[in-house]
Amino acid sequence: MKNIKDYNLEELKKELISIGEKPFRAEQIFKWIYQDKVTNFDEMTNLSLELREKLKQNYSLCIFNILKKQESSDGTIKYLFDVLDGNAIETVLMKYHHGYSLCVSTQIGCKMGCKFCASTGIAFARNLTAGEIVEELLAVERDQNIKISNVVYMGIGEPLDNYENVVNSIRIINNPKGINIGARHISVSTSGLVPNIYRLAEENIQCTLSISLHATNNEKRSKMMPVNNRYPIEELIQACKDYIAKTNRRISFEYALAKDNNDNLEDAKELVKLLKGMICHVNLIPINKIENGAFDKSSNENIIKFRDYLNEHGIVATIRRELGSDIDAACGQLRRKNLK
Ligand code: SAH
């Protein structure tokens, strides 16, 4: 059965026309799904009984089951969702003073193979569809009875390796008639799939692009991230510069600090050189040690020195708060599960 949440508003209009319905029904259905958050077609009371029957027979509303919910001492909540095909994925809800932020997964597993990330440990199963990504958000809002204000595409998977579904999910989340979260409150993170960075620049979506940089030269970066062999740093940085020129949006660089690997002042100096003149922000992440992982967390002292060096040399850098590490919900700690 088709998942009705896979369609953005324009596509849903076309879909309804194709089954002999009026396109304005799409807006009514959008309101029921994304604003009233109904979980079955019977609740869509401004549609005729006949149309509701037709929808029931042809489409699913893809309502995830919550398999597990873990709460961290800092209030972060990690969900394990049954995505209805024997697979399970994780989604993380974080509470900040400015509201709720949700970290969504985009794939069941990940192909990128980053050496410091747990999402890579289990084989890749498949992409999530747009409607499944959107359902991660709706399921959490229903469960907590809250409105999420920020979405970060930083869970399991490489968003730009599931390009169409990710972009479509952003359109649904961003649409004022859909979930209505402003594009500036949506961040997409990539390990650096250069051709799709160019593609994203053309989409006219004002979301924030985050780049998982983590090292300043190819030798070091390739040891941490195999994707660097395909798209080396020079190409990645050029793509970022072109993205900024095209979209006028600043880029956020993520840099996970690992002890004796990429955390000394020489690295900070190289980073300043590399990012010179770009409108950007650096997010420093104290690396989270994973099972069998090759990298250890930097000392607090080194992390602060690194940040201060960047700030003193014209690069705005902040240290990302580590939320949820006691429940394995922090950066790099999420993994898919197989229920079969
Ligand atoms: N695949 C995308 C989305 C994942 S985002 C990407 O690579 O950008 C998750 C962020 O956490 C990325 O910046 C990733 O590199 C980082 N990360 C992964 N493992 C980590 C770990 N063990 N400690 C800290 N950050 C980690």
# chains A, B, ... in the order shown; residues from 1 in each chain; ligands from 1
$ residues_around --residues "Ile211 of chain A" --least-positions-apart "3" --cutoff "8 Å" --atoms "only C-alpha atoms" --output "list in words"
Ser189, Thr190, Ser191, Gly192, Ile251, Ser252, Phe253 and Glu254 of chain A
$ residues_near_ligand --ligand "ligand 1" --cutoff "7 Å" --atoms "only C-alpha atoms and all ligand atoms" --output "count of residues only"
28
$ select_by_dssp --residues "segment 156-324 of chain A" --states "strand (DSSP E)" --output "PyMOL selection string"
chain A and resi 186-190+208-212+251-257+280-286+317-319
$ residues_around --residues "segment 198-201 of chain A" --least-positions-apart "5" --cutoff "7 Å" --atoms "only C-alpha atoms" --output "compact mmCIF listing (two decimals) with C-alpha atoms, in the first residue's frame"
# COMPACT_ATOMS: atom_id res chain seq x y z
CA ALA A 239 31.46 22.76 -3.11
CA TYR A 243 26.94 26.54 -1.95
CA LYS A 246 24.57 30.31 -4.51
CA THR A 247 22.36 30.29 -1.39
$ residues_around --residues "Ile4 of chain A" --least-positions-apart "4" --cutoff "12 Å" --atoms "only C-alpha atoms" --output "PyMOL selection string"
chain A and resi 8-9+11-13+15-16+26+29-30+32-34+39-41+55-63+129-132+134-135+172
$ residues_around --residues "Phe81 of chain A" --least-positions-apart "4" --cutoff "6 Å" --atoms "only C-alpha atoms" --output "list in words"
Asn65, Ile66, Leu67, Ala88 and Ile89 of chain A
$ write_last_selection --atoms "N, CA and C atoms" --output "short mmCIF file (atom, residue, chain, number, x, y, z; two decimals), in the first residue's frame"
data_model
loop_
_atom_site.label_atom_id
_atom_site.label_comp_id
_atom_site.auth_asym_id
_atom_site.auth_seq_id
_atom_site.Cartn_x
_atom_site.Cartn_y
_atom_site.Cartn_z
N ASN A 65 5.20 2.05 15.52
CA ASN A 65 5.07 1.57 16.90
C ASN A 65 6.32 1.95 17.66
N ILE A 66 6.12 2.37 18.89
CA ILE A 66 7.27 2.66 19.75
C ILE A 66 7.69 1.36 20.41
N LEU A 67 8.91 0.91 20.11
CA LEU A 67 9.39 -0.35 20.70
C LEU A 67 10.07 -0.11 22.03
N ALA A 88 14.12 -1.58 12.66
CA ALA A 88 13.88 -0.54 13.66
C ALA A 88 14.97 0.51 13.59
N ILE A 89 14.57 1.75 13.84
CA ILE A 89 15.53 2.86 13.80
C ILE A 89 15.38 3.72 15.06
#
$ residues_around --residues "Thr208 of chain A" --least-positions-apart "2" --cutoff "7 Å" --atoms "only C-alpha atoms" --output "list of chain:residue names"
A:Arg184, A:Ile186, A:Ser187, A:Val188, A:Gln206, A:Ser210, A:Ile251
$ closest_residue --among "A:Ile181, A:Leu209, A:Ile133, A:Ile19" --to "Ser149 of chain A" --atoms "only C-alpha atoms"
A:Ile181
$ atom_distance --atom1 "atom CA of Lys220 of chain A" --atom2 "atom CA of Leu275 of chain A"
16.8 Å
$ atom_distance --atom1 "atom CA of His281 of chain A" --atom2 "atom CA of Ile315 of chain A"
6.8 Å
$ closest_residue --among "A:Lys54, A:His98, A:Lys276, A:Arg25" --to "Lys241 of chain A" --atoms "only C-alpha atoms"
A:Lys276
$ closest_residue --among "A:Asp296, A:Asp328, A:Tyr309, A:Ser222" --to "Ser73 of chain A" --atoms "only C-alpha atoms"
A:Asp328
$ closest_residue --among "A:Pro176, A:Gly113, A:Gly99, A:Gly86" --to "Ala125 of chain A" --atoms "only C-alpha atoms"
A:Gly86
$ closest_residue --among "A:Lys95, A:Lys31, A:Arg126, A:Arg250" --to "Ile279 of chain A" --atoms "only C-alpha atoms"
A:Arg250
$ atom_distance --atom1 "atom CA of Glu202 of chain A" --atom2 "atom CA of Ile179 of chain A"
22.7 Å
$ closest_residue --among "A:Met94, A:Leu236, A:Ile197, A:Leu271" --to "Ala215 of chain A" --atoms "only C-alpha atoms"
A:Leu271
$ residues_around --residues "Ala329 of chain A" --least-positions-apart "3" --cutoff "8 Å" --atoms "only C-alpha atoms" --output "list in words"
Thr76, Ile77, Lys78, Val92, Leu323, Gly324, Ser325, Asp326, Gln333 and Leu334 of chain A
$ select_by_dssp --residues "segment 151-219 of chain A" --states "alpha helix (DSSP H)" --output "PyMOL selection string"
chain A and resi 163-174+194-201+218-219
$ decode --residues "segment 132-143 of chain A" --atoms "N, CA, C and O atoms" --output "PDB file, in the first residue's frame"
ATOM      1  N   GLU A 132       8.206   8.189   5.997  1.00  0.00           N
ATOM      2  CA  GLU A 132       8.749   7.566   7.219  1.00  0.00           C
ATOM      3  C   GLU A 132       9.569   8.576   8.026  1.00  0.00           C
ATOM      4  O   GLU A 132       9.515   8.591   9.264  1.00  0.00           O
ATOM      5  N   ILE A 133      10.325   9.404   7.335  1.00  0.00           N
ATOM      6  CA  ILE A 133      11.115  10.428   8.043  1.00  0.00           C
ATOM      7  C   ILE A 133      10.157  11.389   8.760  1.00  0.00           C
ATOM      8  O   ILE A 133      10.339  11.725   9.934  1.00  0.00           O
ATOM      9  N   VAL A 134       9.097  11.791   8.047  1.00  0.00           N
ATOM     10  CA  VAL A 134       8.102  12.684   8.634  1.00  0.00           C
ATOM     11  C   VAL A 134       7.395  12.007   9.814  1.00  0.00           C
ATOM     12  O   VAL A 134       7.119  12.635  10.842  1.00  0.00           O
ATOM     13  N   GLU A 135       7.138  10.709   9.693  1.00  0.00           N
ATOM     14  CA  GLU A 135       6.470   9.981  10.776  1.00  0.00           C
ATOM     15  C   GLU A 135       7.336   9.922  12.044  1.00  0.00           C
ATOM     16  O   GLU A 135       6.803   9.887  13.156  1.00  0.00           O
ATOM     17  N   GLU A 136       8.660   9.945  11.897  1.00  0.00           N
ATOM     18  CA  GLU A 136       9.507   9.997  13.105  1.00  0.00           C
ATOM     19  C   GLU A 136       9.095  11.207  13.944  1.00  0.00           C
ATOM     20  O   GLU A 136       8.947  11.124  15.166  1.00  0.00           O
ATOM     21  N   LEU A 137       8.901  12.327  13.245  1.00  0.00           N
ATOM     22  CA  LEU A 137       8.535  13.562  13.949  1.00  0.00           C
ATOM     23  C   LEU A 137       7.119  13.482  14.529  1.00  0.00           C
ATOM     24  O   LEU A 137       6.887  13.796  15.701  1.00  0.00           O
ATOM     25  N   LEU A 138       6.174  13.036  13.708  1.00  0.00           N
ATOM     26  CA  LEU A 138       4.781  12.990  14.176  1.00  0.00           C
ATOM     27  C   LEU A 138       4.621  12.022  15.348  1.00  0.00           C
ATOM     28  O   LEU A 138       3.885  12.299  16.297  1.00  0.00           O
ATOM     29  N   ALA A 139       5.314  10.894  15.280  1.00  0.00           N
ATOM     30  CA  ALA A 139       5.178   9.895  16.342  1.00  0.00           C
ATOM     31  C   ALA A 139       5.661  10.466  17.675  1.00  0.00           C
ATOM     32  O   ALA A 139       5.059  10.226  18.725  1.00  0.00           O
ATOM     33  N   VAL A 140       6.745  11.244  17.625  1.00  0.00           N
ATOM     34  CA  VAL A 140       7.258  11.843  18.860  1.00  0.00           C
ATOM     35  C   VAL A 140       6.306  12.940  19.351  1.00  0.00           C
ATOM     36  O   VAL A 140       5.998  13.024  20.538  1.00  0.00           O
ATOM     37  N   GLU A 141       5.812  13.761  18.443  1.00  0.00           N
ATOM     38  CA  GLU A 141       4.868  14.815  18.852  1.00  0.00           C
ATOM     39  C   GLU A 141       3.614  14.211  19.477  1.00  0.00           C
ATOM     40  O   GLU A 141       3.102  14.709  20.473  1.00  0.00           O
ATOM     41  N   ARG A 142       3.134  13.119  18.899  1.00  0.00           N
ATOM     42  CA  ARG A 142       1.937  12.473  19.467  1.00  0.00           C
ATOM     43  C   ARG A 142       2.241  11.919  20.853  1.00  0.00           C
ATOM     44  O   ARG A 142       1.479  12.108  21.791  1.00  0.00           O
ATOM     45  N   ASP A 143       3.381  11.258  20.954  1.00  0.00           N
ATOM     46  CA  ASP A 143       3.718  10.609  22.217  1.00  0.00           C
ATOM     47  C   ASP A 143       3.902  11.625  23.343  1.00  0.00           C
ATOM     48  O   ASP A 143       3.490  11.391  24.477  1.00  0.00           O
TER      49      ASP A 143
END
